[in-house]
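First the structure, in the form of structure tokens, and then the observations on it.
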Amino acid sequence: MTLNNQPLADKIILLHPDDNVVIVKREILEGDVIEVGGRAIVMTKMVSTGYKLARKDLSSGTRILKHGAPIGSLTDKVTIGEIVHSHNLQSDYIKTHDRDTIDEGHV
Amino acid sequence: MRGYPRQDGRKGIRNVTLVAYLVECAHHVARAIVTNANDTDVQLIGFPGCFPNKYAFNMMQSLCTHPNVGSVLLVSLGCESFHRSALKRHIEESGRPVDMLVIQEAGGTRSSIETGVEAVRHLREASAIDTVPMDISELVVATICGGSDGTSGITANPAVGRAFDQLVEQGAACLFEETGELIGCEVIMADRAVTPELGQEIVAAVDKAERYYSILGFGSFAPGNAEGGLTTIEEKSMGAYAKSGSSPISGLLKPGDHPPSGGLYLLDVVPDGEPRFGFPNISDNAEIVELMACGAHVTLFTTGRGSIVGSAISPVIKICANPDTYRKLSGDMDVDAGAILEGRATLDEVGAEIFELVKSVAGGKRTASEELGHQEFILTYKQFEPAGPACLPRAVRA
């Protein structure tokens with residue numbers, strides 16, 4: 001682990017002041033330290049450009065805001081700096097399918 | 001900027017000859033004619049179905065008389081239900097040279113191809129015309145996103161929005177679409193409508209899309225969207241919505257409706273009535289075809305994951321949202337909007353680059369997909385009711 005690293009503020013972007021997630025704008029590598037929500041977080045795995053990270057600790061059921069607008073609700077609690085994606089966030093409109101769950105569709 | 005003048009007053013930025021098959025059974029002959037012509041401006045379109053469909057007929061009428069089209073060869077097998085003589089008459093009435101080949105009457109595959117190649121040669125000569133001055137305000141510019149990811153809504157889409165604002169400012173008509181990818185944006189979108197009644201129509205169109213996709217069990221969301229960091233349809237929608245810029249919304253169109261004047265328009269691509277023929281748009285090109293049927297001269301296509309498609313009839317400008325994707329697929333891209341994420345350009349700069357590129361492509365510059373020979377086209381069955389009177393509040397009605 002590289003705890004001595006300077007926090008990498010330029011790897012993430014906050015799109016709107018109301019948002020509870022930040023967006024990865026440059027690929028994050030394992031061991032990178034990022035500054036999110038005023039705290040330095042050591043990242044334990046690679047995160048690709050375009051992914052969302054929690055800006056604070058959030059409880060299950062919380063509505064996630066991005067661009068200042070709701071993009072779904074958490075299905076699990078999330079800690080600051082954790083990836084927010086299909087495993088803990090679901091649509092408030094139409095369910096999202098990945099290639100493994102496509103058979104669950106009813107076409 | 002110069003354009004090819006058409007009888008209906010519109011002008012084209014290309015002067016293509018279409019070879020149009022009217023049933024899948026005529027596809028091979030039509031494709032062979034196009035291949036033989038070996039001319040980037042001789043292009044293949046068609047409708048594969050044998051059963052009649054009013055929407056498909058209307059779309060073929062609109063596309064065969066698109067301002068970028070100078071002449072048309074129709075290729076029919078002979079026994080399909082497509083009303084070929086009505087389509088031919090419609091094209092003739094538009095002032096365009098048109099010819100028709102009926103394979104069952106032309107001696108089969110080999111002789112039909114030979115006859116078709118000769119017909120295309122004559123059509124190319126007959127449709128060679130001089131250009132006339134053309135203003136930006138005479139342009140119809142469309143936008144679509146495909147293969148979106150978590151960068152699309154931050155870079156390429158808002159950059160297109162900036163370009164749209166500039167184009168609308170200068171009097172062009174700009175079209176955005178896919179109500180199924182605007183789910184969650186309906187209320188803020190309705191607030192931008194030029195009348196409250198149009199706002200209600202926009203909300204109703206998005207509600208229709210949500211219901212339609214819910215019945216089918218899938219939103220307009222591909223596995224690759226999730227692999228690129230997008231999680232939900234409303235998240236994808238927020239990003240897609242950014243393409244529309246900040247102009248007031250002047251109208252809601254159905255496929256084939258022409259924008260009555262400059263301004264920003266939303267195209268409703270989701271069929272009316274109960275779901276009958278499957279997904280609204282089975283792939284991105286189905287949306288591009290509908291935008292072209294509304295008169296789009298050029299399409300601004302934003303992509304994060306890396307779409308490579310182009311289109312028959314109207315050039316596609318490819319705007320890459322993700323800098324990692326751009327490095328992998330730069331030969332397919334026209335604009336590197338991912339530069340915004342890496343601090344190499346601002347949103348305003350990329351917006352201005354897109355605006356300038358629209359002008360030069362309208363002036364004849366070939367896009368990456370045109371150079372690479374991409375001329376994708378797809379048209380399937382659908383059903384639409386005509387748009388209601390509240391959808392185009394500023395149109396002068398006869």
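Every chain in the structure tokens has a letter given in the order shown (A, B, ...), and although residue numbers restart at 1 in each chain, ligands are simply numbered from 1 in the order shown.
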Within 8 Å of chain B, which residues of chain A are there when counting only C-alpha atoms? Please give them as a PDB file with N, CA and C atoms, in the first residue's frame.
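And here is the file that came out, iface-v4.pdb:
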```pdb
ATOM      1  N   ILE A  23     -17.490  10.944  -9.774  1.00  0.00           N
ATOM      2  CA  ILE A  23     -17.239  10.144 -10.977  1.00  0.00           C
ATOM      3  C   ILE A  23     -15.731  10.033 -11.203  1.00  0.00           C
ATOM      4  N   LYS A  25     -12.664  10.108 -13.328  1.00  0.00           N
ATOM      5  CA  LYS A  25     -12.372  10.690 -14.646  1.00  0.00           C
ATOM      6  C   LYS A  25     -11.053  10.185 -15.221  1.00  0.00           C
ATOM      7  N   ARG A  26     -10.243   9.555 -14.393  1.00  0.00           N
ATOM      8  CA  ARG A  26      -9.076   8.828 -14.904  1.00  0.00           C
ATOM      9  C   ARG A  26      -8.992   7.532 -14.135  1.00  0.00           C
ATOM     10  N   SER A  48     -12.453   1.800 -13.263  1.00  0.00           N
ATOM     11  CA  SER A  48     -12.359   2.377 -14.613  1.00  0.00           C
ATOM     12  C   SER A  48     -12.974   3.770 -14.679  1.00  0.00           C
ATOM     13  N   THR A  49     -12.569   4.506 -15.700  1.00  0.00           N
ATOM     14  CA  THR A  49     -13.127   5.828 -15.994  1.00  0.00           C
ATOM     15  C   THR A  49     -14.644   5.727 -16.179  1.00  0.00           C
ATOM     16  N   GLY A  50     -15.364   6.683 -15.592  1.00  0.00           N
ATOM     17  CA  GLY A  50     -16.816   6.721 -15.759  1.00  0.00           C
ATOM     18  C   GLY A  50     -17.586   6.080 -14.618  1.00  0.00           C
ATOM     19  N   TYR A  51     -16.890   5.383 -13.695  1.00  0.00           N
ATOM     20  CA  TYR A  51     -17.576   4.717 -12.583  1.00  0.00           C
ATOM     21  C   TYR A  51     -17.859   5.707 -11.452  1.00  0.00           C
ATOM     22  N   LYS A  52     -18.770   5.290 -10.562  1.00  0.00           N
ATOM     23  CA  LYS A  52     -19.212   6.160  -9.461  1.00  0.00           C
ATOM     24  C   LYS A  52     -18.659   5.667  -8.122  1.00  0.00           C
ATOM     25  N   LYS A  66     -26.837  12.190  -9.091  1.00  0.00           N
ATOM     26  CA  LYS A  66     -25.733  12.470 -10.015  1.00  0.00           C
ATOM     27  C   LYS A  66     -26.225  13.556 -10.962  1.00  0.00           C
ATOM     28  N   HIS A  67     -25.403  14.502 -11.344  1.00  0.00           N
ATOM     29  CA  HIS A  67     -25.862  15.703 -12.066  1.00  0.00           C
ATOM     30  C   HIS A  67     -26.936  16.410 -11.239  1.00  0.00           C
ATOM     31  N   ALA A  69     -29.468  14.966  -9.967  1.00  0.00           N
ATOM     32  CA  ALA A  69     -30.749  14.310 -10.244  1.00  0.00           C
ATOM     33  C   ALA A  69     -30.711  12.861  -9.763  1.00  0.00           C
ATOM     34  N   PRO A  70     -31.870  12.322  -9.333  1.00  0.00           N
ATOM     35  CA  PRO A  70     -31.883  10.933  -8.847  1.00  0.00           C
ATOM     36  C   PRO A  70     -31.635   9.930  -9.972  1.00  0.00           C
ATOM     37  N   ILE A  71     -30.776   8.966  -9.734  1.00  0.00           N
ATOM     38  CA  ILE A  71     -30.486   7.946 -10.761  1.00  0.00           C
ATOM     39  C   ILE A  71     -30.768   6.534 -10.245  1.00  0.00           C
ATOM     40  N   GLY A  72     -31.481   6.410  -9.091  1.00  0.00           N
ATOM     41  CA  GLY A  72     -31.814   5.098  -8.564  1.00  0.00           C
ATOM     42  C   GLY A  72     -31.651   5.070  -7.053  1.00  0.00           C
ATOM     43  N   HIS A  85     -22.641   0.778  -8.002  1.00  0.00           N
ATOM     44  CA  HIS A  85     -22.957   0.229  -9.329  1.00  0.00           C
ATOM     45  C   HIS A  85     -24.043  -0.833  -9.183  1.00  0.00           C
ATOM     46  N   SER A  86     -24.189  -1.675 -10.192  1.00  0.00           N
ATOM     47  CA  SER A  86     -25.312  -2.629 -10.264  1.00  0.00           C
ATOM     48  C   SER A  86     -25.455  -3.511  -9.016  1.00  0.00           C
ATOM     49  N   LEU A  89     -26.999  -0.701  -6.427  1.00  0.00           N
ATOM     50  CA  LEU A  89     -27.875   0.394  -6.887  1.00  0.00           C
ATOM     51  C   LEU A  89     -28.860  -0.141  -7.915  1.00  0.00           C
ATOM     52  N   GLN A  90     -30.153   0.197  -7.754  1.00  0.00           N
ATOM     53  CA  GLN A  90     -31.127  -0.250  -8.752  1.00  0.00           C
ATOM     54  C   GLN A  90     -31.980   0.912  -9.246  1.00  0.00           C
ATOM     55  N   SER A  91     -32.511   0.737 -10.454  1.00  0.00           N
ATOM     56  CA  SER A  91     -33.354   1.751 -11.077  1.00  0.00           C
ATOM     57  C   SER A  91     -34.658   1.903 -10.308  1.00  0.00           C
ATOM     58  N   ASP A  92     -35.171   3.129 -10.263  1.00  0.00           N
ATOM     59  CA  ASP A  92     -36.529   3.366  -9.755  1.00  0.00           C
ATOM     60  C   ASP A  92     -37.543   3.272 -10.901  1.00  0.00           C
ATOM     61  N   TYR A  93     -37.068   2.963 -12.099  1.00  0.00           N
ATOM     62  CA  TYR A  93     -37.943   2.851 -13.270  1.00  0.00           C
ATOM     63  C   TYR A  93     -37.944   1.417 -13.815  1.00  0.00           C
ATOM     64  N   ILE A  94     -37.000   1.082 -14.668  1.00  0.00           N
ATOM     65  CA  ILE A  94     -36.990  -0.227 -15.326  1.00  0.00           C
ATOM     66  C   ILE A  94     -35.711  -0.966 -14.945  1.00  0.00           C
ATOM     67  N   LYS A  95     -35.857  -2.233 -14.560  1.00  0.00           N
ATOM     68  CA  LYS A  95     -34.709  -3.031 -14.115  1.00  0.00           C
ATOM     69  C   LYS A  95     -33.625  -3.099 -15.201  1.00  0.00           C
ATOM     70  N   THR A  96     -32.373  -3.049 -14.761  1.00  0.00           N
ATOM     71  CA  THR A  96     -31.230  -3.172 -15.663  1.00  0.00           C
ATOM     72  C   THR A  96     -30.820  -4.633 -15.768  1.00  0.00           C
ATOM     73  N   HIS A  97     -30.531  -5.086 -16.972  1.00  0.00           N
ATOM     74  CA  HIS A  97     -30.064  -6.462 -17.174  1.00  0.00           C
ATOM     75  C   HIS A  97     -28.602  -6.453 -17.613  1.00  0.00           C
ATOM     76  N   ASP A  98     -27.814  -7.396 -17.103  1.00  0.00           N
ATOM     77  CA  ASP A  98     -26.498  -7.607 -17.697  1.00  0.00           C
ATOM     78  C   ASP A  98     -26.553  -8.905 -18.506  1.00  0.00           C
ATOM     79  N   ARG A  99     -25.450  -9.291 -19.127  1.00  0.00           N
ATOM     80  CA  ARG A  99     -25.513 -10.461 -20.012  1.00  0.00           C
ATOM     81  C   ARG A  99     -25.902 -11.726 -19.253  1.00  0.00           C
ATOM     82  N   GLY A 105     -35.456 -11.558 -18.506  1.00  0.00           N
ATOM     83  CA  GLY A 105     -36.392 -10.729 -19.241  1.00  0.00           C
ATOM     84  C   GLY A 105     -37.519 -11.592 -19.753  1.00  0.00           C
ATOM     85  N   HIS A 106     -38.620 -10.986 -20.146  1.00  0.00           N
ATOM     86  CA  HIS A 106     -39.744 -11.828 -20.572  1.00  0.00           C
ATOM     87  C   HIS A 106     -40.204 -11.481 -21.959  1.00  0.00           C
ATOM     88  N   VAL A 107     -39.246 -11.429 -22.863  1.00  0.00           N
ATOM     89  CA  VAL A 107     -39.620 -11.194 -24.266  1.00  0.00           C
ATOM     90  C   VAL A 107     -39.815 -12.538 -24.962  1.00  0.00           C
TER      91      VAL A 107
END
```
*Would you mind reading off the distance between atom CA of Ile113 of chain B and atom CA of Val75 of chain B, one decimal, in Å?*
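For atom CA of Ile113 of chain B relative to atom CA of Val75 of chain B, the distance reads 9.9 Å.
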When DSSP is applied to the backbone of this structure, which of segment 173-230 of chain B are assigned strand (DSSP E)? Write them out as a compact mmCIF listing (two decimals) with C-alpha atoms, in the first residue's frame.
```txt
# COMPACT_ATOMS: atom_id res chain seq x y z
CA ALA B 173 -33.28 22.83 -36.85
CA CYS B 174 -31.80 20.39 -34.32
CA LEU B 175 -33.34 17.01 -33.47
CA PHE B 176 -32.76 14.82 -30.42
CA GLU B 177 -34.57 11.57 -29.72
```
_Pick from A:Asp100, A:Ser59, A:Leu65, A:Val22, whichever lies nearest to Gly81 of chain A using only C-alpha atoms_ = A:Val22
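Atom CA of Arg366 of chain B sits 21.7 Å away from atom CA of Thr65 of chain B.
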_All residues 7 Å or closer to segment 261-263 of chain B, only C-alpha atoms, same chain fewer than 6 positions away omitted, as a list in words_ =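 Selected residues are Ser137, Val168, Gly171, Ala172, Ala173, Cys174 and Ser250 of chain B.
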